[in-house]
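Remarks on the structure that follows.
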Amino acid sequence: MGAFAAVLRKDLRLEIRSGQSTIALFALSLLIMVVLVFALNPQPIDRARDAAAALWVALVFGGMLGATRSMIAENENGCMRALTLSPIDPAALYGAKLAAAFAFMAIVEIAAVGLITLFFNLDFGADLARLAPSLMFGTLGFAALATLLAAISSRTRAGDLLLPILAIPLFIPAIIAGVKASEAALSGFPLAAASQWLGILAAFDVLFITLGALLFEHVIRED
Amino acid sequence: MKNKIGTALGLMTLGLMLVSLFMVFEWVPTEADQGIVQRIFYFHVPCAWVAFAAFGIVAIAGVFYLWLKDQIWDDLGYAAAEIGMVFCTLVLVTGSLWAKPIWGTWWTWDSRLTTTFILWLLYGGYLMLRAMADDTEEVARFGAVIGIAAALDVPVVILSVRLWRTIHPAVLITRSGEHGLEDPRMVITLLVALAAFTALFGWLLRLRFQQLRTRTRLTILRREVALIEAAVGDY
């Protein structure tokens, strides 16, 4: 637990002092939503659907950037090697990296939800709180997946080009469930209407957090 | 000895393929509703079976590789992934050929089509990883991790996509419990086709696996030669 807290504290402190990932993530999310506003040209009828779509596209691509940056920073100065040499349980290290990625993504998403409300002329108020479960589960799942896969892609020749190729196919079930659940929330349906989708998201999270904790050791080990 | 098994497998594949072709084109009755187009089914289903079996082998080989750390498991997994990708592509292509006259469209986001397509993307990612990384012990570990993650993703994919939409005919077992193949000759033809494709898969897998084993042995020999040369050079 001590190691987990120490690594997480390090990542958060780095981010608070430099702000690099969060600002870049936010800028990218904002631009993705701007592109989608012009591409979809949202009409009043389908506002909730388009807004949910824009939110999830921003989540996936913003999250990818965040995960890549965090791993590149670790590899640049041989920090990853130092971390693997230290007597830290790889599962704790994975948990800390995951928690940090989740925190950055969550901050950016709060801002992103505010933006889509503006861009897609949604009603401020009760709707937005209902978005929280689907976004939280989705972000957790993506952070779990991206933390594991960025450790792989950052060590190949292809680098960050490989991360989307590996991450997006694996994340598709969560995208399907997450967009549906977010759309229901934005359309004003109660949470119970999306319970099946939230169940799939939760199952995805449990599966990939467990998998990441078990396999992270094989990914970061150097020979 | 080794080559005898290979030859036997090859001949068995050839024989079964010829029998299966005869059955599909000459023997089996034409399906009443769909007509001649339905015969692609005897090609489509075995392809799907081989693709699923291959991807299952990728995941199992991945688990064994991470556990036992023996290169033989990585060679097996890599060989199975390549072959699985070929057959997964064939499933999509033959399905598309059938869907055009029957459903009136080449592609639709039905649950089984979507699941197969996602599977294709998953293992495409696996092969891209292998192509983009240097051939080291490291990439074998990465491949094992992706292979396991992809296999575990499949149930969640099926669950979410099925909830999303489905129109694919339930040929083998329908909701009411009866199967869609009304003539026994259809069942026999399907079984022979499945056997033929399984034999083909076994033959191909064996070939590619042996090739990768040879490559692994060559890499080890090269490394040893380099070590000897370095040692000799010191004198």
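In the structure tokens, each chain is lettered A, B, ... as it comes, each chain's residues begin at 1, and ligands are numbered from 1 in order of appearance.
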For chain A, which residues have at least one atom within 10 Å of chain B, if we go by only C-alpha atoms? Write them as a ChimeraX atom specification, please.
/A:145,148-149,151-153,155-159,161-177,180,196-197,199-201,203-204,207-208,211-212,215-216,218-223
Please provide as a ChimeraX atom specification all residues within 9 Å of Tyr94 in chain A, with the sequence filter that same-chain residues fewer than 5 positions apart are discarded (counting only C-alpha atoms).
/A:4,89,99,144,147-148,212-213,216-217
Once you have the residues from the selection above, write them out as a CSV table (one decimal), in the first residue's frame, restricted to C-alpha atoms.
chain,number,residue,atom,x,y,z
A,4,PHE,CA,1.0,2.4,-4.3
A,89,ASP,CA,4.8,-5.3,-6.2
A,99,ALA,CA,-5.3,5.7,-10.5
A,144,ALA,CA,-7.1,0.1,-16.8
A,147,THR,CA,-2.1,1.7,-18.6
A,148,LEU,CA,-1.4,-2.0,-19.5
A,212,GLY,CA,-3.8,-5.7,-15.7
A,213,ALA,CA,-2.8,-6.4,-12.1
A,216,PHE,CA,1.6,-5.9,-15.7
A,217,GLU,CA,4.7,-7.7,-14.3
Just the residues within 9 Å of Ala67 in chain A, please, counting only C-alpha atoms, with nothing from its chain fewer than 5 positions along; format it as an NGL selection string.
:A and (21 or 62 or 72 or 101 or 143 or 146-147 or 149-151)
Interatomic distance between CA of Cys47 in chain B and CA of Leu194 in chain B?
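Those two atoms sit 8.4 Å apart.
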Identify, with DSSP run on backbone atoms, the residues in range 175-208 of chain A assigned to alpha helix (DSSP H), and express the list as a PyMOL selection string.
chain A and resi 175-186+195-208
Taking C-alpha atoms for each residue, export the selection above as a PDB file, in the first residue's frame.
ATOM      1  CA  ILE A 175     -17.832   2.013 -26.023  1.00  0.00           C
ATOM      2  CA  ILE A 176     -21.093   0.327 -27.062  1.00  0.00           C
ATOM      3  CA  ALA A 177     -22.343   0.102 -23.461  1.00  0.00           C
ATOM      4  CA  GLY A 178     -21.004   3.502 -22.419  1.00  0.00           C
ATOM      5  CA  VAL A 179     -22.492   5.472 -25.311  1.00  0.00           C
ATOM      6  CA  LYS A 180     -25.886   3.811 -24.741  1.00  0.00           C
ATOM      7  CA  ALA A 181     -25.806   4.528 -20.990  1.00  0.00           C
ATOM      8  CA  SER A 182     -24.664   8.141 -21.494  1.00  0.00           C
ATOM      9  CA  GLU A 183     -27.285   8.689 -24.175  1.00  0.00           C
ATOM     10  CA  ALA A 184     -30.007   7.424 -21.811  1.00  0.00           C
ATOM     11  CA  ALA A 185     -28.754   9.752 -19.080  1.00  0.00           C
ATOM     12  CA  LEU A 186     -28.631  12.766 -21.407  1.00  0.00           C
ATOM     13  CA  SER A 195     -28.706  -0.728 -15.716  1.00  0.00           C
ATOM     14  CA  GLN A 196     -27.822  -3.463 -18.224  1.00  0.00           C
ATOM     15  CA  TRP A 197     -25.300  -1.220 -19.961  1.00  0.00           C
ATOM     16  CA  LEU A 198     -23.805  -0.118 -16.648  1.00  0.00           C
ATOM     17  CA  GLY A 199     -23.535  -3.792 -15.709  1.00  0.00           C
ATOM     18  CA  ILE A 200     -21.503  -4.504 -18.845  1.00  0.00           C
ATOM     19  CA  LEU A 201     -19.250  -1.520 -18.112  1.00  0.00           C
ATOM     20  CA  ALA A 202     -18.702  -2.715 -14.538  1.00  0.00           C
ATOM     21  CA  ALA A 203     -17.903  -6.244 -15.770  1.00  0.00           C
ATOM     22  CA  PHE A 204     -15.423  -4.792 -18.268  1.00  0.00           C
ATOM     23  CA  ASP A 205     -13.728  -2.807 -15.479  1.00  0.00           C
ATOM     24  CA  VAL A 206     -13.433  -5.770 -13.129  1.00  0.00           C
ATOM     25  CA  LEU A 207     -12.081  -7.955 -15.944  1.00  0.00           C
ATOM     26  CA  PHE A 208      -9.400  -5.577 -17.169  1.00  0.00           C
TER      27      PHE A 208
END
Mind checking which residues fall within 12 Å of Arg185 in chain B, counting only C-alpha atoms, ignoring those fewer than 3 positions away in the same chain, and posting them as a list in words?
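The neighbour list is Ser20, Met23, Val24, Glu26, Trp27, Val28, Pro29, Thr30, Glu31, Tyr42, Leu181, Glu182, Ile188, Thr189, Leu190, Leu191 and Val192 of chain B.
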Please save N, CA and C atoms of the selected residues as a compact mmCIF listing (two decimals), in the first residue's frame.
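File part-v1.txt, as written:
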# COMPACT_ATOMS: atom_id res chain seq x y z
N SER B 20 -15.76 -33.31 -49.62
CA SER B 20 -16.60 -32.21 -49.16
C SER B 20 -17.10 -31.37 -50.34
N MET B 23 -19.81 -33.29 -52.12
CA MET B 23 -21.05 -33.26 -51.35
C MET B 23 -21.75 -31.91 -51.47
N VAL B 24 -20.96 -30.83 -51.38
CA VAL B 24 -21.56 -29.49 -51.41
C VAL B 24 -22.19 -29.20 -52.77
N GLU B 26 -22.79 -31.55 -55.46
CA GLU B 26 -23.55 -32.59 -56.15
C GLU B 26 -24.58 -33.29 -55.29
N TRP B 27 -24.27 -33.48 -54.03
CA TRP B 27 -25.04 -34.43 -53.22
C TRP B 27 -26.10 -33.77 -52.36
N VAL B 28 -25.71 -32.70 -51.68
CA VAL B 28 -26.62 -32.11 -50.70
C VAL B 28 -27.79 -31.41 -51.43
N PRO B 29 -29.05 -31.55 -50.89
CA PRO B 29 -30.18 -30.88 -51.54
C PRO B 29 -30.11 -29.36 -51.37
N THR B 30 -30.70 -28.65 -52.34
CA THR B 30 -30.70 -27.19 -52.27
C THR B 30 -31.73 -26.72 -51.25
N GLU B 31 -31.35 -25.75 -50.48
CA GLU B 31 -32.24 -25.24 -49.44
C GLU B 31 -33.43 -24.55 -50.10
N TYR B 42 -21.59 -24.20 -46.11
CA TYR B 42 -20.68 -25.30 -45.81
C TYR B 42 -19.22 -24.87 -45.88
N LEU B 181 -31.37 -27.02 -40.11
CA LEU B 181 -30.99 -27.89 -41.22
C LEU B 181 -31.99 -29.04 -41.28
N GLU B 182 -33.01 -28.94 -42.18
CA GLU B 182 -34.10 -29.91 -42.11
C GLU B 182 -33.75 -31.26 -42.73
N ILE B 188 -24.84 -33.97 -42.53
CA ILE B 188 -23.66 -34.78 -42.86
C ILE B 188 -22.66 -33.96 -43.67
N THR B 189 -23.15 -33.20 -44.65
CA THR B 189 -22.26 -32.36 -45.46
C THR B 189 -21.52 -31.36 -44.58
N LEU B 190 -22.26 -30.75 -43.64
CA LEU B 190 -21.62 -29.78 -42.75
C LEU B 190 -20.53 -30.44 -41.93
N LEU B 191 -20.82 -31.67 -41.42
CA LEU B 191 -19.83 -32.36 -40.59
C LEU B 191 -18.58 -32.71 -41.40
N VAL B 192 -18.78 -33.17 -42.66
CA VAL B 192 -17.62 -33.51 -43.50
C VAL B 192 -16.81 -32.25 -43.79
Compare A:Ala193, A:Ala92, A:Asn121, A:Ala100 by their minimum atom-to-atom distance to Leu214 in chain A, counting only C-alpha atoms, and give me the closest one.
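Distance minimum relative to Leu214 in chain A lands on A:Ala92.
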Work out how far apart CA of Leu118 in chain A and CA of Met33 in chain A are and give it in Å to one decimal.
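Between CA of Leu118 in chain A and CA of Met33 in chain A the gap works out to 11.1 Å.
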Which residues, written as a CSV table (one decimal) with N, CA and C atoms, in the first residue's frame, have at least one atom at most 12 Å from Gln20 in chain A, with only C-alpha atoms counted and residues fewer than 2 positions away on the same chain left out?
chain,number,residue,atom,x,y,z
A,11,ASP,N,3.2,10.7,-9.3
A,11,ASP,CA,2.6,11.1,-10.6
A,11,ASP,C,1.7,12.3,-10.4
A,12,LEU,N,0.9,12.4,-9.3
A,12,LEU,CA,0.1,13.5,-9.1
A,12,LEU,C,0.9,14.8,-8.9
A,13,ARG,N,2.0,14.7,-8.2
A,13,ARG,CA,2.8,15.9,-7.9
A,13,ARG,C,3.4,16.4,-9.2
A,14,LEU,N,3.9,15.5,-10.0
A,14,LEU,CA,4.5,15.8,-11.3
A,14,LEU,C,3.4,16.6,-12.2
A,15,GLU,N,2.2,16.1,-12.1
A,15,GLU,CA,1.2,16.7,-12.9
A,15,GLU,C,0.7,18.1,-12.4
A,16,ILE,N,0.7,18.2,-11.1
A,16,ILE,CA,0.3,19.5,-10.5
A,16,ILE,C,1.3,20.5,-10.8
A,17,ARG,N,2.6,20.1,-10.8
A,17,ARG,CA,3.6,21.1,-11.0
A,17,ARG,C,3.8,21.5,-12.5
A,18,SER,N,3.6,20.5,-13.4
A,18,SER,CA,3.8,20.8,-14.8
A,18,SER,C,2.5,21.0,-15.5
A,22,THR,N,-2.8,17.1,-18.3
A,22,THR,CA,-4.1,17.5,-18.2
A,22,THR,C,-4.5,18.6,-19.2
A,23,ILE,N,-3.5,19.5,-19.4
A,23,ILE,CA,-3.8,20.6,-20.3
A,23,ILE,C,-3.8,20.1,-21.8
A,24,ALA,N,-2.9,19.2,-22.1
A,24,ALA,CA,-2.9,18.6,-23.5
A,24,ALA,C,-4.1,17.8,-23.7
A,25,LEU,N,-4.5,17.0,-22.7
A,25,LEU,CA,-5.7,16.2,-22.7
A,25,LEU,C,-6.9,17.1,-23.0
A,26,PHE,N,-7.0,18.1,-22.2
A,26,PHE,CA,-8.2,19.0,-22.3
A,26,PHE,C,-8.2,19.7,-23.7
A,27,ALA,N,-7.1,20.1,-24.1
A,27,ALA,CA,-7.1,20.8,-25.5
A,27,ALA,C,-7.5,19.8,-26.5
A,65,LEU,N,-4.0,9.7,-25.4
A,65,LEU,CA,-2.9,10.7,-25.3
A,65,LEU,C,-2.3,10.7,-23.9
A,66,GLY,N,-3.3,10.7,-22.9
A,66,GLY,CA,-2.8,10.8,-21.5
A,66,GLY,C,-2.0,9.6,-21.1
A,69,ARG,N,1.5,9.7,-22.8
A,69,ARG,CA,2.4,10.7,-22.2
A,69,ARG,C,3.0,10.2,-20.9
A,70,SER,N,2.1,9.6,-20.1
A,70,SER,CA,2.6,9.1,-18.8
A,70,SER,C,3.7,8.1,-19.0
A,73,ALA,N,7.0,9.5,-20.4
A,73,ALA,CA,7.8,10.2,-19.3
A,73,ALA,C,8.5,9.2,-18.4
A,104,PHE,N,-6.5,12.1,-14.0
A,104,PHE,CA,-6.3,13.1,-15.1
A,104,PHE,C,-7.5,13.1,-16.0
For Arg213 in chain B: contacts at 12 Å, only C-alpha atoms, fewer than 2 positions along chain excluded, given as a ChimeraX atom specification:
/B:70-79,205-211,215-220
